[in-house]
Amino acid sequence: MKISKISVYQLDLPLTKPYWLSGGRLKFEKLDSTFVRIDTDEGLYGWGEGCPWGNTYLPAHGPGIRAGIETLAPSLLGQDPRSLLHMNRVMDINLPGHPYVKSPIDMACWDILGKVSGMPLWQLMGGASADPVLVNSSISTGTPEEMIDLIREASAKGYKVHSAKVGGDDPQLDIHRIEGISKAMLPGEKVTFDVNRAWTPGVAVQVLNSVSSNDWVEQPCETLEQCDHVAKRVSNPIMLDECMHTFDDHLEAWRLKACEGVKVKPNRVGGLTKAMQIRDFGVSIGWQMHIEDLGGSALADTAAIHLASSTPEANRLAGWLCHYHLSVDPVPGMGARNENGFATPPSVPGLGVEPVLDLIGSPVAVYS
Amino acid sequence: MKIARIEVYQVDLPYAGGTYTLSGGREYTQFDATIVRVVTDTGLEGWGESTPFGSTYIAAHATGVRAGLEELAPVVIGQDPRLFDRINDAMDEALVGHNHAKTPIDVACWDIAGKAFDLPVCDLLGGRVPKPVPMISSIPTDDPENMRQRVSEFRKRGFLGHSLKVGASEAEGGPALDAARIEACLSDRQNGEWFLVDANGGLTPEYALRMLQLLPAGMDFVFEAPCASWRETLSLRKRCRVPILLDELILTEEDLMHAIHSDACDGVGLKISKQGGLTKSRRQRDIASAAGLVTSIQETTGSDIAFAAVLHMAQSTQTKKLRSALDTRSMVSITTAEIDAPVKAGGCISPDAPGLGVIPDLSVLGDPVAVYGG
């Protein structure tokens with residue numbers, strides 16, 4: 001089986017309401033998503049999606065995905081999409097770095113492999129059944145009261161795990177946010193405080209040693225070394241996210257004992273194949289993980305939910321659904337959706353999600 | 001003074017030596033250059049270039065440079081080009097990473113500032129060191145004798161540094177072939193010459209140790225970028241008596257601090273577009289110098305405009321910490337700009353003209369492929 005054609009689609013995904021990242025540093029109003037369809041000489045095809053969270057969150061941006069696919073396409077045509085590690089090696093040789101470019105291609109290859117083998121991705125990834133995955137709410141930064149109101153709204157929709165964005169200019173306000181929210185948790189509810197690297201190590205140590213909360217704290221500072229400094233001086237379990245790009249970064253975090261868990265995001269690390277390697281490493285060393293994508297429609301969400309679902313429960317904290325924050329849905333009704341705080345991956349062969357062509361327009365580039 | 005317009009030009013630069021080969025069977029016959037003209041509301045203008053070494057060398061490719069410029073141009077238009085750090089803040093806020101896309105804008109701002117202050121860029125970067133900058137050749141993998149021949153040709157042209165590429169597959173001859181290449185190239189070594197053995201991240205520690213074991217004593221060289229990852233590099237570092245210079249692993253200040261903190265190397269290869277422009281290269285050069293590391297100032301590749309930025313940075317680097325600079329002009333067969341900096345015995349000297357001292361040849365650049373602003 002050989003790749004005969006790669007079609008690239010672009011779609012703006014407006015957010016239902018503007019999203020402020022920790023501390024109100026960065027505002028996001030829409031996402032720029034790239035859908036990739038890979039066709040083979042045997043008629044089978046697969047879909048992938050790559051959707052960075054704006055240009056300012058990670059070294060990734062929408063036009064960069066399309067530019068990267070232009071560079072990669074000639075080396076991908078003619079390759080066997082079922083050979084996932086080979087496909088990843090071909091991509092890594094022909095364009096070092098740029099994990100966000102490779103993720104939608106890798107995802108489409110997984111979709112094809114699933115269809116060829118007649119298995120859903122959760123099964124190809126090692127799962128025994130389509131386990132429902134607990135999903136996170138995502139609580140934008142505000143005053144403690146505003147944030148608790150948002151959490152109560154999310155609880156009413158079934159969410160039991162909340163990701164509260166903290167990390168403002170004022171450490172005292174962060175202390176109040178963390179104490180207030182932690183105390184407001186109802187039985188059976190959990191919260192992670194996501195700092196999105198807003199703190200300097202000094203502020204992190206000050207804030208976290210001034211709160212009684214023992215909840216997870218995610219990406220307190222910019223770099224792995226800064227986060228490691230904090231992890232050694234506070235009692236909260238630490239989860240790392242934005243500073244983790246390569247497998248090597250994960251090895252280094254483990255060597256330093258800088259965290260108790262990581263967020264596994266296919267688009268940040270280069271696709272489902274590399275995300276699965278990291279997931280497997282995490283399982284073997286006892287990390288707990290959130291598994292979700294950087295952004296995107298229910299297509300990208302569902303790919304990550306397949307991986308989350310196939311992860312042992314002891315190592316799986318939760319996932320998150322970006323599509324819930326969007327005002328458009330190019331895959332209406334398909335894929336993993338929030339059902340009372342859980343999302344279940346489809347059990348049809350492959351990814352189980354396919355964009356409705358009328359909703360994503362004409363391809364912006366076709367390579368064949 | 002404000003930036004009013006940004007014009008983007010695209011030029012294919014054929015490799016001067018036919019086909020360039022790197023470890024892992026990577027081959028290059030031409031390079032896709034992006035050249036940027038930044039025009040201000042005062043009429044002063046500046047030039048910058050970003051030419052990735054194909055798409056397979058580091059995380060940089062030419063279509064990505066132009067896709068990144070699409071994001072960056074709107075946020076720097078209206079800004080004062082002389083305020084380098086503020087320009088870089090604006091670019092970093094608009095787009096995380098993507099150093100290669102930020103470089104041509106940053107370099108053009110230095111060119112403008114030099115013209116505005118009536119100083120060559122090397123003086124803005126800390127001051128001219130009144131000595132020629134030693135130039136380094138770039139010798140692709142080949143038969144040992146051919147590589148030796150090429151070194152001797154560059155020697156005749158006045159080059160004092162030589163960067164020998166290694167990384168043979170086991171089938172081609174493996175560590176023994178690479179050891180033979182090193183021995184052949186070093187056999188005519190002259191006083192004052194500096195040799196790099198550059199694996200471009202292509203070796204495992206096991207391969208690197210086998211290669212080093214095969215070399216006779218007394219080979220004076222620095223081992224550049226032996227392995228692809230930090231773990232491999234640190235593992236080799238503990239067991240290797242040859243000085244190590246890191247290049248592809250050092251893209252940001254954070255990477256450099258990590259290298260210093262873990263004592264991973266004795267020198268660093270700074271490439272203007274790999275570090276993200278002259279502003280970031282200068283900061284990293286100064287951090288490296290403070291830590292006692294030597295530097296080799298280079299570019300991924302490029303034409304005369306890219307070379308001008310390399311030369312000014314090198315010209316302002318302390319002699320003791322500067323090992324060499326790359327003459328990108330020797331790698332490509334097209335001239336995009338006039339610059340008064342011939343290679344002589346001992347090296348090259350930055351032009352005295354204000355700014356970069358380049359006069360681009362508009363007939364080579366053709367029409368812009370994109371124009372932002374008015």
# chains A, B, ... in the order shown; residues from 1 in each chain; ligands from 1

$ interface_residues --of "chain B" --to "chain A" --cutoff "8 Å" --atoms "only C-alpha atoms" --output "ChimeraX atom specification"
/B:55-61,63-64,67-68,92-98,229-231,254

$ select_by_dssp --residues "range 90-333 of chain B" --states "helix (DSSP H, G or I)" --output "PyMOL selection string"
chain B and resi 90-94+99-117+121-124+144-156+174-186+205-213+230-238+253-261+272-275+278-290+304-315+319-321+328-331

$ write_last_selection --atoms "C-alpha atoms" --output "mmCIF file, in the first residue's frame"
data_model
loop_
_atom_site.group_PDB
_atom_site.id
_atom_site.type_symbol
_atom_site.label_atom_id
_atom_site.label_comp_id
_atom_site.auth_asym_id
_atom_site.auth_seq_id
_atom_site.Cartn_x
_atom_site.Cartn_y
_atom_site.Cartn_z
ATOM 1 C CA ALA B 90 7.220 41.744 19.685
ATOM 2 C CA MET B 91 8.296 38.872 17.435
ATOM 3 C CA ASP B 92 8.484 36.398 20.345
ATOM 4 C CA GLU B 93 5.009 37.408 21.488
ATOM 5 C CA ALA B 94 3.571 36.961 17.997
ATOM 6 C CA ASN B 99 14.160 31.385 14.998
ATOM 7 C CA HIS B 100 14.900 31.089 11.303
ATOM 8 C CA ALA B 101 11.851 33.239 10.440
ATOM 9 C CA LYS B 102 12.775 35.983 12.921
ATOM 10 C CA THR B 103 16.387 36.283 11.764
ATOM 11 C CA PRO B 104 16.074 38.295 8.530
ATOM 12 C CA ILE B 105 13.935 40.959 10.237
ATOM 13 C CA ASP B 106 16.300 41.207 13.210
ATOM 14 C CA VAL B 107 19.389 41.441 10.981
ATOM 15 C CA ALA B 108 17.760 44.110 8.792
ATOM 16 C CA CYS B 109 17.045 46.144 11.948
ATOM 17 C CA TRP B 110 20.773 46.060 12.855
ATOM 18 C CA ASP B 111 21.600 47.176 9.310
ATOM 19 C CA ILE B 112 19.193 50.118 9.665
ATOM 20 C CA ALA B 113 20.493 51.043 13.133
ATOM 21 C CA GLY B 114 24.075 51.013 11.864
ATOM 22 C CA LYS B 115 23.115 53.380 9.058
ATOM 23 C CA ALA B 116 21.149 55.577 11.485
ATOM 24 C CA PHE B 117 24.070 55.770 13.965
ATOM 25 C CA VAL B 121 27.316 46.636 12.795
ATOM 26 C CA CYS B 122 30.458 45.175 14.420
ATOM 27 C CA ASP B 123 30.823 48.407 16.404
ATOM 28 C CA LEU B 124 27.186 48.231 17.557
ATOM 29 C CA PRO B 144 39.936 10.678 2.667
ATOM 30 C CA GLU B 145 42.275 11.809 -0.111
ATOM 31 C CA ASN B 146 39.614 13.966 -1.769
ATOM 32 C CA MET B 147 38.837 15.603 1.556
ATOM 33 C CA ARG B 148 42.543 16.259 2.142
ATOM 34 C CA GLN B 149 42.721 17.787 -1.332
ATOM 35 C CA ARG B 150 39.803 20.061 -0.615
ATOM 36 C CA VAL B 151 41.358 21.213 2.674
ATOM 37 C CA SER B 152 44.527 22.108 0.837
ATOM 38 C CA GLU B 153 42.579 24.118 -1.770
ATOM 39 C CA PHE B 154 40.891 26.124 1.004
ATOM 40 C CA ARG B 155 44.287 26.556 2.713
ATOM 41 C CA LYS B 156 45.632 28.152 -0.465
ATOM 42 C CA GLY B 174 32.114 3.017 9.437
ATOM 43 C CA PRO B 175 34.404 4.375 12.151
ATOM 44 C CA ALA B 176 37.547 3.263 10.303
ATOM 45 C CA LEU B 177 36.676 5.364 7.249
ATOM 46 C CA ASP B 178 35.927 8.401 9.422
ATOM 47 C CA ALA B 179 39.206 7.949 11.329
ATOM 48 C CA ALA B 180 41.054 7.758 8.001
ATOM 49 C CA ARG B 181 39.360 10.963 6.855
ATOM 50 C CA ILE B 182 40.499 12.786 9.986
ATOM 51 C CA GLU B 183 44.057 11.481 9.714
ATOM 52 C CA ALA B 184 44.311 12.427 6.039
ATOM 53 C CA CYS B 185 43.001 15.944 6.536
ATOM 54 C CA LEU B 186 45.191 16.630 9.569
ATOM 55 C CA PRO B 205 28.190 7.331 21.521
ATOM 56 C CA GLU B 206 29.300 3.797 20.694
ATOM 57 C CA TYR B 207 30.253 4.766 17.130
ATOM 58 C CA ALA B 208 31.992 7.948 18.289
ATOM 59 C CA LEU B 209 34.105 6.046 20.834
ATOM 60 C CA ARG B 210 35.077 3.431 18.250
ATOM 61 C CA MET B 211 36.141 6.178 15.841
ATOM 62 C CA LEU B 212 38.213 7.995 18.469
ATOM 63 C CA GLN B 213 39.936 4.763 19.538
ATOM 64 C CA TRP B 230 21.596 15.509 25.157
ATOM 65 C CA ARG B 231 21.674 12.115 26.816
ATOM 66 C CA GLU B 232 23.977 10.656 24.197
ATOM 67 C CA THR B 233 26.163 13.750 24.213
ATOM 68 C CA LEU B 234 26.566 13.782 27.998
ATOM 69 C CA SER B 235 27.294 10.078 28.001
ATOM 70 C CA LEU B 236 30.023 10.505 25.379
ATOM 71 C CA ARG B 237 31.386 13.609 27.098
ATOM 72 C CA LYS B 238 32.244 11.591 30.221
ATOM 73 C CA GLU B 253 19.761 30.714 25.788
ATOM 74 C CA GLU B 254 18.156 27.961 27.812
ATOM 75 C CA ASP B 255 19.989 25.311 25.764
ATOM 76 C CA LEU B 256 23.257 27.165 26.270
ATOM 77 C CA MET B 257 22.735 27.434 30.040
ATOM 78 C CA HIS B 258 21.924 23.725 30.106
ATOM 79 C CA ALA B 259 25.162 22.982 28.252
ATOM 80 C CA ILE B 260 27.161 25.137 30.673
ATOM 81 C CA HIS B 261 25.408 23.755 33.736
ATOM 82 C CA ILE B 272 22.863 33.550 13.238
ATOM 83 C CA SER B 273 19.589 32.098 11.920
ATOM 84 C CA LYS B 274 19.723 29.110 14.285
ATOM 85 C CA GLN B 275 19.907 31.413 17.315
ATOM 86 C CA LEU B 278 22.053 39.094 15.781
ATOM 87 C CA THR B 279 20.291 40.215 18.985
ATOM 88 C CA LYS B 280 19.987 36.683 20.333
ATOM 89 C CA SER B 281 23.347 35.561 18.900
ATOM 90 C CA ARG B 282 25.102 38.422 20.684
ATOM 91 C CA ARG B 283 23.490 37.513 24.011
ATOM 92 C CA GLN B 284 24.453 33.870 23.607
ATOM 93 C CA ARG B 285 27.984 34.729 22.507
ATOM 94 C CA ASP B 286 28.401 36.826 25.645
ATOM 95 C CA ILE B 287 27.005 34.113 27.930
ATOM 96 C CA ALA B 288 29.276 31.523 26.276
ATOM 97 C CA SER B 289 32.291 33.825 26.616
ATOM 98 C CA ALA B 290 31.564 34.407 30.291
ATOM 99 C CA ASP B 304 26.632 37.617 0.901
ATOM 100 C CA ILE B 305 23.981 39.181 3.158
ATOM 101 C CA ALA B 306 24.013 36.218 5.557
ATOM 102 C CA PHE B 307 27.813 36.331 5.512
ATOM 103 C CA ALA B 308 27.842 40.039 6.410
ATOM 104 C CA ALA B 309 25.922 39.304 9.631
ATOM 105 C CA VAL B 310 28.316 36.433 10.492
ATOM 106 C CA LEU B 311 31.375 38.569 9.830
ATOM 107 C CA HIS B 312 30.242 41.532 11.946
ATOM 108 C CA MET B 313 29.399 39.244 14.858
ATOM 109 C CA ALA B 314 32.795 37.519 14.600
ATOM 110 C CA GLN B 315 34.638 40.824 14.142
ATOM 111 C CA THR B 319 40.172 36.933 19.828
ATOM 112 C CA LYS B 320 40.697 34.426 22.635
ATOM 113 C CA LYS B 321 37.093 33.204 22.425
ATOM 114 C CA THR B 328 28.923 31.216 3.426
ATOM 115 C CA ARG B 329 29.930 32.811 0.110
ATOM 116 C CA SER B 330 32.293 29.891 -0.471
ATOM 117 C CA MET B 331 29.333 27.472 -0.372
#

$ select_by_dssp --residues "range 117-335 of chain B" --states "strand (DSSP E)" --output "MDAnalysis selection string"
chainID B and resid 135:139 161:165 194:198 222:224 244:246 267:271 294:298 322:326

$ atom_distance --atom1 "CA of Gln172 in chain A" --atom2 "CA of Met147 in chain A"
15.8 Å

$ closest_residue --among "A:Gly271, A:Gly341, A:Gly352, A:Gly286" --to "Val135 in chain A" --atoms "only C-alpha atoms"
A:Gly341

$ atom_distance --atom1 "CA of Ser103 in chain A" --atom2 "CA of Ser169 in chain B"
29.4 Å

$ closest_residue --among "A:Gly114, A:Gly296, A:Gly333, A:Pro266" --to "Leu11 in chain A" --atoms "only C-alpha atoms"
A:Gly296

$ atom_distance --atom1 "CA of Thr295 in chain B" --atom2 "CA of Leu246 in chain B"
9.6 Å

$ residues_around --residues "range 194-210 of chain A" --least-positions-apart "6" --cutoff "9 Å" --atoms "only C-alpha atoms" --output "count of residues only"
38

$ closest_residue --among "B:Ala353, B:Val38, B:Leu362, B:Met1" --to "Ala337 in chain B" --atoms "only C-alpha atoms"
B:Leu362

$ residues_around --residues "Thr51 in chain B" --least-positions-apart "5" --cutoff "7 Å" --atoms "only C-alpha atoms" --output "ChimeraX atom specification"
/B:31-34,62,300-302

$ write_last_selection --atoms "C-alpha atoms" --output "PDB file, in the first residue's frame"
ATOM      1  CA  PHE B  31      19.611  26.204  -1.023  1.00  0.00           C
ATOM      2  CA  ASP B  32      16.410  28.246  -0.908  1.00  0.00           C
ATOM      3  CA  ALA B  33      17.256  31.755   0.370  1.00  0.00           C
ATOM      4  CA  THR B  34      14.793  34.247   1.808  1.00  0.00           C
ATOM      5  CA  ALA B  62      12.596  27.810   3.583  1.00  0.00           C
ATOM      6  CA  THR B 300      23.251  27.394   8.311  1.00  0.00           C
ATOM      7  CA  THR B 301      24.312  28.637   4.870  1.00  0.00           C
ATOM      8  CA  GLY B 302      23.509  31.654   2.703  1.00  0.00           C
TER       9      GLY B 302
END
